[in-house]
Amino acid sequence: MLYQKAQRRTQKVLLRSLIFLLHIFLVHAVAADLLSAHRFFASLDEDQSVKLYWNVTTTNKEIFFTVEAKTTGWIGFGISSGQGKMQGADIVIGWVKDGVPYFQDRHADGHMMPEIDSQQDYELISLTEENGKTIMKFKRKFDTCDADDNKIEPGTTKVIYAYHPSDPSTPRSIPQHSPVNRGARSVLLLNSGKKRPALPPGTKYFDLVHNKTAIPGDKTSYMCEAFEMPKLNEKHHIIQMDPIVQAGHEGVVHHIVVYECRDDYPDHHLNYTGQCYSPDMPPPAAKCAGATTIAAWAIGGNEFSYPEHVGFPIGTPDSPKVVILEIHYDNPMSKQGMIDSSGLRFYYTKQLREYDAGVLQVGAFIDNTLMIPPKETNWEINGFCSEECTREGFKNSILPGGGINIVASGLHTHLTGHKIVVRRIRNGVELSEIARNDHYDFNFQEYLMLENEIKVAPGDSLITECFYNTRDRNWVTTGGLGTTDEMCLAFLIYYPKVNFSKCISREAQAWKKWDDKYVKKDYEQLRKPTFWTESNSEGLREAFKDTDQYYARCLSRADTALPGLAYKETKKPLIKIPYRPESVCAVSMATSIVPQCLGGIIALAFWVAIR
């Protein structure tokens, strides 16, 4: 009898263990299925309670979303108006009650119950509850042409989320979420959805990863480490870069950047590991951080693959010798004791591709003339690349007709930057934009693959426009390497590689005009908040607006000037015909109106005929 009871207890324990193991298997299987079915993934919070998966269809201009949340109540997901806030957000809310799915397209006018849209533009695919989770699958157009919806555009999108443990009692009575069950995250929703080229046989890789680095308990931190690039006896091409994010840290590792250092980087600083941009960072390492970006990844991103005909050269005399790996950790709960070994994996091959890739930096020179007054909401700084620079810089291009083809862009300002645009002008005509990010986020940096390559011809002019918000600052912001300083730069990945690495400008003429009238060389007063009256700030804005001259600097990879272009005064490009992007909504409206008009004309003609 005792033996039989013990046997039954053992069977129950084994059964519970099997059920538990089956549950774990099913949970992991569902997660694996979602990852395999989607090209992109991002954990929306550091605890991975809410996960976002998505696919992009560029031909139909549609995006397919899957939101998974650890709740059996309602979940909400939204495209914010740019600030990651509820006000102005385009929102969907869904839940399952008594086996029935509920799904609504809404919009938020403030911190209140989001209103139901009169036009429901999100299409529900499925809405289920499984293993204590709610999984909501749906799709929508990039641009729904609905005033209550926010467009999904290239560049940073700040998505928001919220969830609640309970279902709404009615579709119009949704219980409010708690402060901890909501949040926002920056993602690149429209990074190119093209399939990556297959790795050729014999492809090797090397990793640049932190070696068990302690993540600071700060809410946000940047850790840097110096690395030597592989020493190779012959030329190879880097063809792909993959993120390596330590398991369990998917919600903490926010972005990864690799910067190229100068060839004279001292050997005794090769073992540097520490916080980026800190006073303890050695000057040679500090000069690398924030300089030329050769690789970048951010949360929500996937691998970066060069096009099949392009590769980044290593093992050559002018290849990077030393780099700095920077990882931004997002730790809003200030967790202690996390040890991280994340970074990037670089795949390289001896099977050389047709073209070498290069990186061209276009923007404003970083010094005190890059000046942004306090209390501004949309201050503009421009960096110019003159037609003389591109004519000289591209003259050794092997492309038919010369010039370069741009395949990806990385845009860069610091904390106050909120929008960046890269424009190109040819003979007074502005062509389509090279890059645009209307919701730039310093804590989220990644190369954006272009859907189609963009040609920059010899003699084209380029402008990098940066916009800043200093409304929370009482002091002036100037150009510099620190995160509280500012920059205005675009890093353009292009081919074929030429000996032209930086095309930057300084608007010293405009700054001197303002100095002579308002400052009169008493520079100490610039640091005083009382100096920055509306008149003085507006005077600086007008000086930059009214001065049509700037100094151009066109530099080779060795930071030497291109022939005849050491520091040349030149005129700002004159745009006679500005670029006007075609409106998707205007086209769709026209196509819907034309049949109606034709129908009306035919009806009118028939009426006239029978009269």
# chains A, B, ... in the order shown; residues from 1 in each chain; ligands from 1
call {"tool": "residues_around", "arguments": {"residues": "Ser221 of chain A", "least_positions_apart": "4", "cutoff": "8 Å", "atoms": "only C-alpha atoms", "output": "NGL selection string"}}
result
:A and (215-216 or 275 or 328-330)
call {"tool": "residues_around", "arguments": {"residues": "segment 227-244 of chain A", "least_positions_apart": "6", "cutoff": "8 Å", "atoms": "only C-alpha atoms", "output": "JSON, numbers by chain"}}
result
{"A": [206, 208, 209, 270, 271, 295, 297, 302, 303, 304, 305, 306, 310, 311, 312, 313, 314, 315, 316, 320, 321, 322, 323, 324, 325, 342, 343, 344, 345, 346, 347, 348, 349, 350, 351, 352, 353, 356]}
call {"tool": "write_last_selection", "arguments": {"atoms": "N, CA and C atoms", "output": "mmCIF file, in the first residue's frame"}}
result
data_model
loop_
_atom_site.group_PDB
_atom_site.id
_atom_site.type_symbol
_atom_site.label_atom_id
_atom_site.label_comp_id
_atom_site.auth_asym_id
_atom_site.auth_seq_id
_atom_site.Cartn_x
_atom_site.Cartn_y
_atom_site.Cartn_z
ATOM 1 N N PHE A 206 35.227 38.089 -37.568
ATOM 2 C CA PHE A 206 35.864 38.479 -36.312
ATOM 3 C C PHE A 206 34.849 39.279 -35.510
ATOM 4 N N LEU A 208 33.986 42.173 -32.518
ATOM 5 C CA LEU A 208 34.343 43.291 -31.649
ATOM 6 C C LEU A 208 33.277 43.339 -30.562
ATOM 7 N N VAL A 209 33.606 42.813 -29.389
ATOM 8 C CA VAL A 209 32.628 42.708 -28.311
ATOM 9 C C VAL A 209 33.269 43.120 -26.992
ATOM 10 N N LEU A 270 45.734 50.818 -26.459
ATOM 11 C CA LEU A 270 44.938 49.785 -27.119
ATOM 12 C C LEU A 270 44.093 48.985 -26.147
ATOM 13 N N ASN A 271 44.470 48.986 -24.879
ATOM 14 C CA ASN A 271 43.707 48.214 -23.890
ATOM 15 C C ASN A 271 42.671 49.074 -23.180
ATOM 16 N N ALA A 295 30.527 51.415 -38.636
ATOM 17 C CA ALA A 295 29.483 50.410 -38.407
ATOM 18 C C ALA A 295 28.558 50.925 -37.318
ATOM 19 N N TRP A 297 24.596 49.831 -35.227
ATOM 20 C CA TRP A 297 23.394 49.011 -35.047
ATOM 21 C C TRP A 297 22.591 49.604 -33.898
ATOM 22 N N ASN A 302 18.601 44.698 -37.632
ATOM 23 C CA ASN A 302 19.073 43.355 -37.893
ATOM 24 C C ASN A 302 20.502 43.463 -38.402
ATOM 25 N N GLU A 303 20.949 42.494 -39.156
ATOM 26 C CA GLU A 303 22.286 42.576 -39.716
ATOM 27 C C GLU A 303 22.350 43.688 -40.773
ATOM 28 N N PHE A 304 23.570 44.171 -41.038
ATOM 29 C CA PHE A 304 23.790 45.132 -42.114
ATOM 30 C C PHE A 304 24.605 44.428 -43.181
ATOM 31 N N SER A 305 24.068 44.343 -44.392
ATOM 32 C CA SER A 305 24.767 43.691 -45.496
ATOM 33 C C SER A 305 25.031 44.702 -46.600
ATOM 34 N N TYR A 306 26.268 44.725 -47.067
ATOM 35 C CA TYR A 306 26.567 45.541 -48.234
ATOM 36 C C TYR A 306 25.895 44.915 -49.453
ATOM 37 N N VAL A 310 29.443 45.258 -53.580
ATOM 38 C CA VAL A 310 30.182 46.214 -52.764
ATOM 39 C C VAL A 310 30.712 45.532 -51.508
ATOM 40 N N GLY A 311 31.928 45.905 -51.082
ATOM 41 C CA GLY A 311 32.487 45.417 -49.826
ATOM 42 C C GLY A 311 33.401 46.461 -49.210
ATOM 43 N N PHE A 312 33.491 46.454 -47.878
ATOM 44 C CA PHE A 312 34.353 47.411 -47.179
ATOM 45 C C PHE A 312 35.759 46.806 -47.076
ATOM 46 N N PRO A 313 36.795 47.476 -47.633
ATOM 47 C CA PRO A 313 38.125 46.871 -47.707
ATOM 48 C C PRO A 313 38.865 46.899 -46.376
ATOM 49 N N ILE A 314 39.478 45.772 -46.029
ATOM 50 C CA ILE A 314 40.419 45.694 -44.914
ATOM 51 C C ILE A 314 41.650 44.939 -45.416
ATOM 52 N N GLY A 315 42.772 45.098 -44.689
ATOM 53 C CA GLY A 315 44.012 44.469 -45.120
ATOM 54 C C GLY A 315 44.757 45.272 -46.164
ATOM 55 N N THR A 316 44.387 46.562 -46.323
ATOM 56 C CA THR A 316 45.071 47.457 -47.258
ATOM 57 C C THR A 316 45.752 48.580 -46.467
ATOM 58 N N PRO A 320 41.204 50.883 -41.869
ATOM 59 C CA PRO A 320 41.277 51.208 -40.436
ATOM 60 C C PRO A 320 42.190 50.236 -39.700
ATOM 61 N N LYS A 321 43.024 50.779 -38.825
ATOM 62 C CA LYS A 321 43.945 49.954 -38.026
ATOM 63 C C LYS A 321 43.421 49.753 -36.601
ATOM 64 N N VAL A 322 42.825 50.799 -36.040
ATOM 65 C CA VAL A 322 42.292 50.767 -34.679
ATOM 66 C C VAL A 322 40.891 51.366 -34.702
ATOM 67 N N VAL A 323 39.994 50.790 -33.923
ATOM 68 C CA VAL A 323 38.622 51.296 -33.845
ATOM 69 C C VAL A 323 38.188 51.356 -32.379
ATOM 70 N N ILE A 324 37.155 52.139 -32.137
ATOM 71 C CA ILE A 324 36.526 52.220 -30.819
ATOM 72 C C ILE A 324 35.122 51.629 -30.914
ATOM 73 N N LEU A 325 34.835 50.660 -30.049
ATOM 74 C CA LEU A 325 33.490 50.102 -29.944
ATOM 75 C C LEU A 325 32.746 50.843 -28.837
ATOM 76 N N SER A 342 28.331 42.135 -25.256
ATOM 77 C CA SER A 342 27.690 42.375 -26.555
ATOM 78 C C SER A 342 28.649 43.110 -27.492
ATOM 79 N N GLY A 343 28.286 43.165 -28.765
ATOM 80 C CA GLY A 343 29.090 43.878 -29.754
ATOM 81 C C GLY A 343 28.634 43.560 -31.154
ATOM 82 N N LEU A 344 29.570 43.532 -32.098
ATOM 83 C CA LEU A 344 29.259 43.287 -33.504
ATOM 84 C C LEU A 344 30.166 42.195 -34.061
ATOM 85 N N ARG A 345 29.630 41.429 -34.998
ATOM 86 C CA ARG A 345 30.397 40.416 -35.724
ATOM 87 C C ARG A 345 30.548 40.874 -37.174
ATOM 88 N N PHE A 346 31.771 40.821 -37.686
ATOM 89 C CA PHE A 346 32.075 41.270 -39.038
ATOM 90 C C PHE A 346 32.470 40.061 -39.892
ATOM 91 N N TYR A 347 31.734 39.856 -40.982
ATOM 92 C CA TYR A 347 32.038 38.775 -41.915
ATOM 93 C C TYR A 347 32.881 39.339 -43.055
ATOM 94 N N TYR A 348 33.991 38.636 -43.369
ATOM 95 C CA TYR A 348 34.876 39.121 -44.428
ATOM 96 C C TYR A 348 35.322 37.962 -45.310
ATOM 97 N N THR A 349 35.711 38.283 -46.543
ATOM 98 C CA THR A 349 36.017 37.260 -47.521
ATOM 99 C C THR A 349 37.153 37.713 -48.434
ATOM 100 N N LYS A 350 37.905 36.724 -48.984
ATOM 101 C CA LYS A 350 38.923 36.992 -49.995
ATOM 102 C C LYS A 350 38.300 37.108 -51.385
ATOM 103 N N GLN A 351 37.040 36.681 -51.526
ATOM 104 C CA GLN A 351 36.359 36.788 -52.815
ATOM 105 C C GLN A 351 35.894 38.238 -53.001
ATOM 106 N N LEU A 352 36.779 39.036 -53.549
ATOM 107 C CA LEU A 352 36.545 40.477 -53.627
ATOM 108 C C LEU A 352 35.387 40.804 -54.552
ATOM 109 N N ARG A 353 34.649 41.801 -54.145
ATOM 110 C CA ARG A 353 33.525 42.275 -54.944
ATOM 111 C C ARG A 353 33.991 43.360 -55.925
ATOM 112 N N ASP A 356 34.974 48.767 -53.941
ATOM 113 C CA ASP A 356 35.274 49.057 -52.540
ATOM 114 C C ASP A 356 34.284 50.089 -52.023
#
call {"tool": "residues_around", "arguments": {"residues": "Ile75 of chain A", "least_positions_apart": "6", "cutoff": "12 Å", "atoms": "only C-alpha atoms", "output": "ChimeraX atom specification"}}
result
/A:49-51,66-69,91-96,101-104,127-129,133-137,160-168,174-177,181-182
call {"tool": "write_last_selection", "arguments": {"atoms": "N, CA and C atoms", "output": "short mmCIF file (atom, residue, chain, number, x, y, z; two decimals), in the first residue's frame"}}
result
data_model
loop_
_atom_site.label_atom_id
_atom_site.label_comp_id
_atom_site.auth_asym_id
_atom_site.auth_seq_id
_atom_site.Cartn_x
_atom_site.Cartn_y
_atom_site.Cartn_z
N SER A 49 8.76 42.45 -21.51
CA SER A 49 7.34 42.14 -21.29
C SER A 49 6.52 42.43 -22.55
N VAL A 50 7.01 43.34 -23.38
CA VAL A 50 6.33 43.67 -24.63
C VAL A 50 7.35 43.57 -25.76
N LYS A 51 7.02 42.77 -26.76
CA LYS A 51 7.93 42.56 -27.89
C LYS A 51 7.23 42.95 -29.18
N THR A 66 3.53 42.42 -35.42
CA THR A 66 3.08 41.49 -34.39
C THR A 66 3.53 42.05 -33.05
N VAL A 67 2.59 42.28 -32.15
CA VAL A 67 2.89 42.76 -30.81
C VAL A 67 2.55 41.65 -29.83
N GLU A 68 3.51 41.28 -28.99
CA GLU A 68 3.32 40.23 -28.00
C GLU A 68 3.54 40.83 -26.61
N ALA A 69 2.57 40.66 -25.73
CA ALA A 69 2.66 41.23 -24.38
C ALA A 69 2.31 40.18 -23.34
N ILE A 91 -2.91 55.09 -32.57
CA ILE A 91 -2.91 53.96 -31.64
C ILE A 91 -3.86 52.85 -32.08
N VAL A 92 -3.46 51.59 -31.84
CA VAL A 92 -4.40 50.47 -31.94
C VAL A 92 -4.48 49.80 -30.57
N ILE A 93 -5.67 49.36 -30.20
CA ILE A 93 -5.90 48.66 -28.93
C ILE A 93 -6.64 47.37 -29.23
N GLY A 94 -6.18 46.27 -28.61
CA GLY A 94 -6.82 44.99 -28.86
C GLY A 94 -6.85 44.13 -27.62
N TRP A 95 -7.81 43.20 -27.57
CA TRP A 95 -7.92 42.24 -26.48
C TRP A 95 -8.81 41.08 -26.92
N VAL A 96 -8.78 40.01 -26.15
CA VAL A 96 -9.63 38.85 -26.41
C VAL A 96 -10.49 38.62 -25.17
N PRO A 101 -12.19 38.36 -30.37
CA PRO A 101 -11.18 39.41 -30.48
C PRO A 101 -11.82 40.79 -30.68
N TYR A 102 -11.25 41.80 -30.03
CA TYR A 102 -11.67 43.19 -30.20
C TYR A 102 -10.44 43.99 -30.64
N PHE A 103 -10.63 44.83 -31.66
CA PHE A 103 -9.49 45.56 -32.24
C PHE A 103 -9.98 46.91 -32.75
N GLN A 104 -9.31 47.99 -32.34
CA GLN A 104 -9.78 49.33 -32.69
C GLN A 104 -8.61 50.23 -33.08
N LEU A 127 -5.72 37.81 -33.44
CA LEU A 127 -5.61 38.30 -32.06
C LEU A 127 -5.91 37.12 -31.14
N THR A 128 -4.87 36.66 -30.42
CA THR A 128 -5.02 35.44 -29.63
C THR A 128 -4.39 35.60 -28.26
N GLU A 129 -4.82 34.71 -27.35
CA GLU A 129 -4.20 34.60 -26.03
C GLU A 129 -3.58 33.21 -25.92
N LYS A 133 -0.06 35.18 -22.52
CA LYS A 133 0.34 36.30 -23.38
C LYS A 133 -0.77 36.62 -24.38
N THR A 134 -0.81 37.88 -24.79
CA THR A 134 -1.69 38.30 -25.87
C THR A 134 -0.83 38.62 -27.08
N ILE A 135 -1.19 38.06 -28.22
CA ILE A 135 -0.44 38.26 -29.46
C ILE A 135 -1.38 38.87 -30.49
N MET A 136 -1.01 40.07 -30.94
CA MET A 136 -1.85 40.84 -31.87
C MET A 136 -1.09 41.07 -33.17
N LYS A 137 -1.67 40.56 -34.28
CA LYS A 137 -1.05 40.70 -35.60
C LYS A 137 -1.95 41.58 -36.47
N ILE A 160 5.04 53.70 -29.13
CA ILE A 160 4.63 53.66 -27.73
C ILE A 160 3.83 52.38 -27.50
N TYR A 161 3.76 51.96 -26.25
CA TYR A 161 3.01 50.75 -25.91
C TYR A 161 2.40 50.91 -24.52
N ALA A 162 1.37 50.11 -24.26
CA ALA A 162 0.76 50.05 -22.93
C ALA A 162 -0.01 48.74 -22.85
N TYR A 163 -0.24 48.27 -21.62
CA TYR A 163 -1.05 47.06 -21.45
C TYR A 163 -1.66 47.06 -20.06
N HIS A 164 -2.67 46.19 -19.87
CA HIS A 164 -3.41 46.11 -18.62
C HIS A 164 -3.74 44.64 -18.35
N PRO A 165 -3.77 44.20 -17.09
CA PRO A 165 -4.05 42.79 -16.82
C PRO A 165 -5.49 42.38 -17.06
N SER A 166 -6.39 43.35 -17.19
CA SER A 166 -7.82 43.02 -17.33
C SER A 166 -8.36 43.45 -18.69
N ASP A 167 -9.39 42.74 -19.15
CA ASP A 167 -10.09 43.12 -20.37
C ASP A 167 -11.04 44.28 -20.07
N PRO A 168 -11.32 45.12 -21.05
CA PRO A 168 -12.34 46.16 -20.88
C PRO A 168 -13.71 45.53 -20.66
N ILE A 174 -12.36 51.29 -21.34
CA ILE A 174 -11.06 50.64 -21.24
C ILE A 174 -10.37 51.09 -19.95
N PRO A 175 -10.03 50.16 -19.05
CA PRO A 175 -9.37 50.56 -17.79
C PRO A 175 -7.99 51.16 -18.06
N GLN A 176 -7.64 52.17 -17.27
CA GLN A 176 -6.36 52.86 -17.48
C GLN A 176 -5.19 52.00 -17.02
N HIS A 177 -4.13 52.02 -17.80
CA HIS A 177 -2.92 51.26 -17.46
C HIS A 177 -2.19 51.93 -16.31
N ASN A 181 3.28 50.02 -16.72
CA ASN A 181 2.88 49.19 -17.86
C ASN A 181 2.73 50.00 -19.13
N ARG A 182 3.64 50.91 -19.34
CA ARG A 182 3.64 51.71 -20.57
C ARG A 182 5.07 52.14 -20.85
#
call {"tool": "select_by_dssp", "arguments": {"residues": "segment 170-349 of chain A", "states": "strand (DSSP E or B)", "output": "ChimeraX atom specification"}}
result
/A:170,173,182-187,204-209,213-214,220-228,236-244,253-260,273-275,293-298,304-305,310-314,322-330,339-340,343-349
call {"tool": "closest_residue", "arguments": {"among": "A:Ile294, A:Cys554, A:Ala285, A:Val429", "to": "His268 of chain A", "atoms": "only C-alpha atoms"}}
result
A:Ala285
call {"tool": "residues_around", "arguments": {"residues": "Gly401 of chain A", "least_positions_apart": "3", "cutoff": "10 Å", "atoms": "only C-alpha atoms", "output": "number ranges by chain"}}
result
A: 395, 397-398, 404, 457-458
call {"tool": "closest_residue", "arguments": {"among": "A:Arg473, A:Arg426, A:Lys287, A:Lys85", "to": "Arg527 of chain A", "atoms": "only C-alpha atoms"}}
result
A:Arg473
call {"tool": "atom_distance", "arguments": {"atom1": "atom CA of Asp438 of chain A", "atom2": "atom CA of Gly417 of chain A"}}
result
10.1 Å
call {"tool": "select_by_dssp", "arguments": {"residues": "segment 182-403 of chain A", "states": "alpha helix (DSSP H)", "output": "PDB file with C-alpha atoms, in the first residue's frame"}}
result
ATOM      1  CA  PRO A 283      42.579  61.965 -25.644  1.00  0.00           C
ATOM      2  CA  PRO A 284      43.446  59.611 -28.560  1.00  0.00           C
ATOM      3  CA  ALA A 285      40.394  57.463 -27.750  1.00  0.00           C
ATOM      4  CA  ALA A 286      38.195  60.533 -27.206  1.00  0.00           C
ATOM      5  CA  LYS A 287      39.123  61.783 -30.688  1.00  0.00           C
ATOM      6  CA  CYS A 288      37.876  58.493 -32.158  1.00  0.00           C
ATOM      7  CA  GLU A 387      30.712  71.591 -56.096  1.00  0.00           C
ATOM      8  CA  GLU A 388      34.486  72.218 -56.188  1.00  0.00           C
ATOM      9  CA  CYS A 389      34.956  69.581 -53.487  1.00  0.00           C
ATOM     10  CA  THR A 390      32.910  66.888 -55.236  1.00  0.00           C
ATOM     11  CA  ARG A 391      34.497  67.686 -58.593  1.00  0.00           C
ATOM     12  CA  GLU A 392      38.000  67.235 -57.165  1.00  0.00           C
ATOM     13  CA  GLY A 393      37.116  64.471 -54.691  1.00  0.00           C
TER      14      GLY A 393
END
call {"tool": "atom_distance", "arguments": {"atom1": "atom CA of Leu35 of chain A", "atom2": "atom CA of Asp441 of chain A"}}
result
25.9 Å
call {"tool": "residues_around", "arguments": {"residues": "Glu430 of chain A", "least_positions_apart": "2", "cutoff": "12 Å", "atoms": "only C-alpha atoms", "output": "list of chain:residue names"}}
result
A:Val422, A:Arg423, A:Arg424, A:Ile425, A:Arg426, A:Asn427, A:Gly428, A:Ser432, A:Glu433, A:Ile434, A:Val456, A:Asp460, A:Ser461, A:Leu462, A:Ile463, A:Pro573, A:Leu574, A:Ile575, A:Lys576, A:Ile577, A:Pro578, A:Tyr579, A:Arg580, A:Pro581
call {"tool": "write_last_selection", "arguments": {"atoms": "N, CA, C and O atoms", "output": "short mmCIF file (atom, residue, chain, number, x, y, z; two decimals), in the first residue's frame"}}
result
data_model
loop_
_atom_site.label_atom_id
_atom_site.label_comp_id
_atom_site.auth_asym_id
_atom_site.auth_seq_id
_atom_site.Cartn_x
_atom_site.Cartn_y
_atom_site.Cartn_z
N VAL A 422 19.67 65.45 -45.56
CA VAL A 422 20.81 65.60 -46.47
C VAL A 422 20.26 65.83 -47.87
O VAL A 422 19.54 64.97 -48.41
N ARG A 423 20.60 66.99 -48.44
CA ARG A 423 20.07 67.39 -49.73
C ARG A 423 21.19 67.45 -50.77
O ARG A 423 22.36 67.57 -50.44
N ARG A 424 20.81 67.37 -52.05
CA ARG A 424 21.81 67.47 -53.14
C ARG A 424 21.28 68.38 -54.24
O ARG A 424 20.07 68.36 -54.56
N ILE A 425 22.18 69.18 -54.80
CA ILE A 425 21.82 70.18 -55.80
C ILE A 425 22.73 70.01 -57.00
O ILE A 425 23.95 69.89 -56.86
N ARG A 426 22.15 70.03 -58.19
CA ARG A 426 22.90 69.91 -59.44
C ARG A 426 22.48 71.01 -60.40
O ARG A 426 21.32 71.07 -60.82
N ASN A 427 23.41 71.91 -60.69
CA ASN A 427 23.15 73.02 -61.61
C ASN A 427 21.91 73.82 -61.21
O ASN A 427 21.09 74.20 -62.06
N GLY A 428 21.76 74.07 -59.91
CA GLY A 428 20.65 74.88 -59.43
C GLY A 428 19.36 74.13 -59.22
O GLY A 428 18.38 74.70 -58.72
N SER A 432 16.25 64.57 -55.53
CA SER A 432 15.64 63.89 -54.39
C SER A 432 16.62 63.83 -53.22
O SER A 432 17.85 63.78 -53.41
N GLU A 433 16.09 63.84 -52.01
CA GLU A 433 16.93 63.85 -50.81
C GLU A 433 17.73 62.55 -50.67
O GLU A 433 17.25 61.47 -51.04
N ILE A 434 18.92 62.68 -50.12
CA ILE A 434 19.74 61.50 -49.85
C ILE A 434 19.26 60.81 -48.58
O ILE A 434 19.18 59.58 -48.51
N VAL A 456 25.64 60.66 -56.73
CA VAL A 456 26.16 62.01 -56.53
C VAL A 456 27.23 62.22 -57.59
O VAL A 456 28.25 61.50 -57.60
N ASP A 460 28.18 68.18 -58.08
CA ASP A 460 26.99 68.31 -57.24
C ASP A 460 27.36 69.00 -55.93
O ASP A 460 28.48 68.83 -55.43
N SER A 461 26.43 69.74 -55.36
CA SER A 461 26.60 70.30 -54.02
C SER A 461 25.72 69.51 -53.05
O SER A 461 24.63 69.05 -53.43
N LEU A 462 26.21 69.36 -51.81
CA LEU A 462 25.46 68.66 -50.78
C LEU A 462 25.25 69.58 -49.58
O LEU A 462 26.11 70.41 -49.27
N ILE A 463 24.12 69.43 -48.92
CA ILE A 463 23.84 70.20 -47.71
C ILE A 463 23.32 69.24 -46.65
O ILE A 463 22.37 68.49 -46.88
N PRO A 573 25.25 77.09 -52.28
CA PRO A 573 24.57 76.68 -53.52
C PRO A 573 23.25 77.41 -53.69
O PRO A 573 22.48 77.58 -52.74
N LEU A 574 23.00 77.86 -54.90
CA LEU A 574 21.76 78.55 -55.23
C LEU A 574 20.76 77.52 -55.76
O LEU A 574 21.01 76.86 -56.77
N ILE A 575 19.64 77.38 -55.08
CA ILE A 575 18.61 76.43 -55.48
C ILE A 575 17.54 77.17 -56.27
O ILE A 575 16.72 77.91 -55.71
N LYS A 576 17.56 77.00 -57.58
CA LYS A 576 16.58 77.66 -58.44
C LYS A 576 15.26 76.89 -58.48
O LYS A 576 14.18 77.47 -58.54
N ILE A 577 15.39 75.56 -58.48
CA ILE A 577 14.19 74.72 -58.52
C ILE A 577 14.26 73.77 -57.34
O ILE A 577 15.03 72.80 -57.35
N PRO A 578 13.48 74.00 -56.27
CA PRO A 578 13.51 73.10 -55.10
C PRO A 578 12.86 71.77 -55.39
O PRO A 578 12.00 71.65 -56.29
N TYR A 579 13.24 70.77 -54.63
CA TYR A 579 12.68 69.43 -54.77
C TYR A 579 11.28 69.39 -54.18
O TYR A 579 11.04 69.89 -53.08
N ARG A 580 10.35 68.79 -54.89
CA ARG A 580 8.98 68.65 -54.43
C ARG A 580 8.61 67.16 -54.46
O ARG A 580 8.33 66.62 -55.53
N PRO A 581 8.63 66.47 -53.31
CA PRO A 581 8.29 65.05 -53.32
C PRO A 581 6.83 64.84 -53.71
O PRO A 581 5.96 65.64 -53.38
#
call {"tool": "atom_distance", "arguments": {"atom1": "atom CA of His439 of chain A", "atom2": "atom CA of Glu380 of chain A"}}
result
14.7 Å
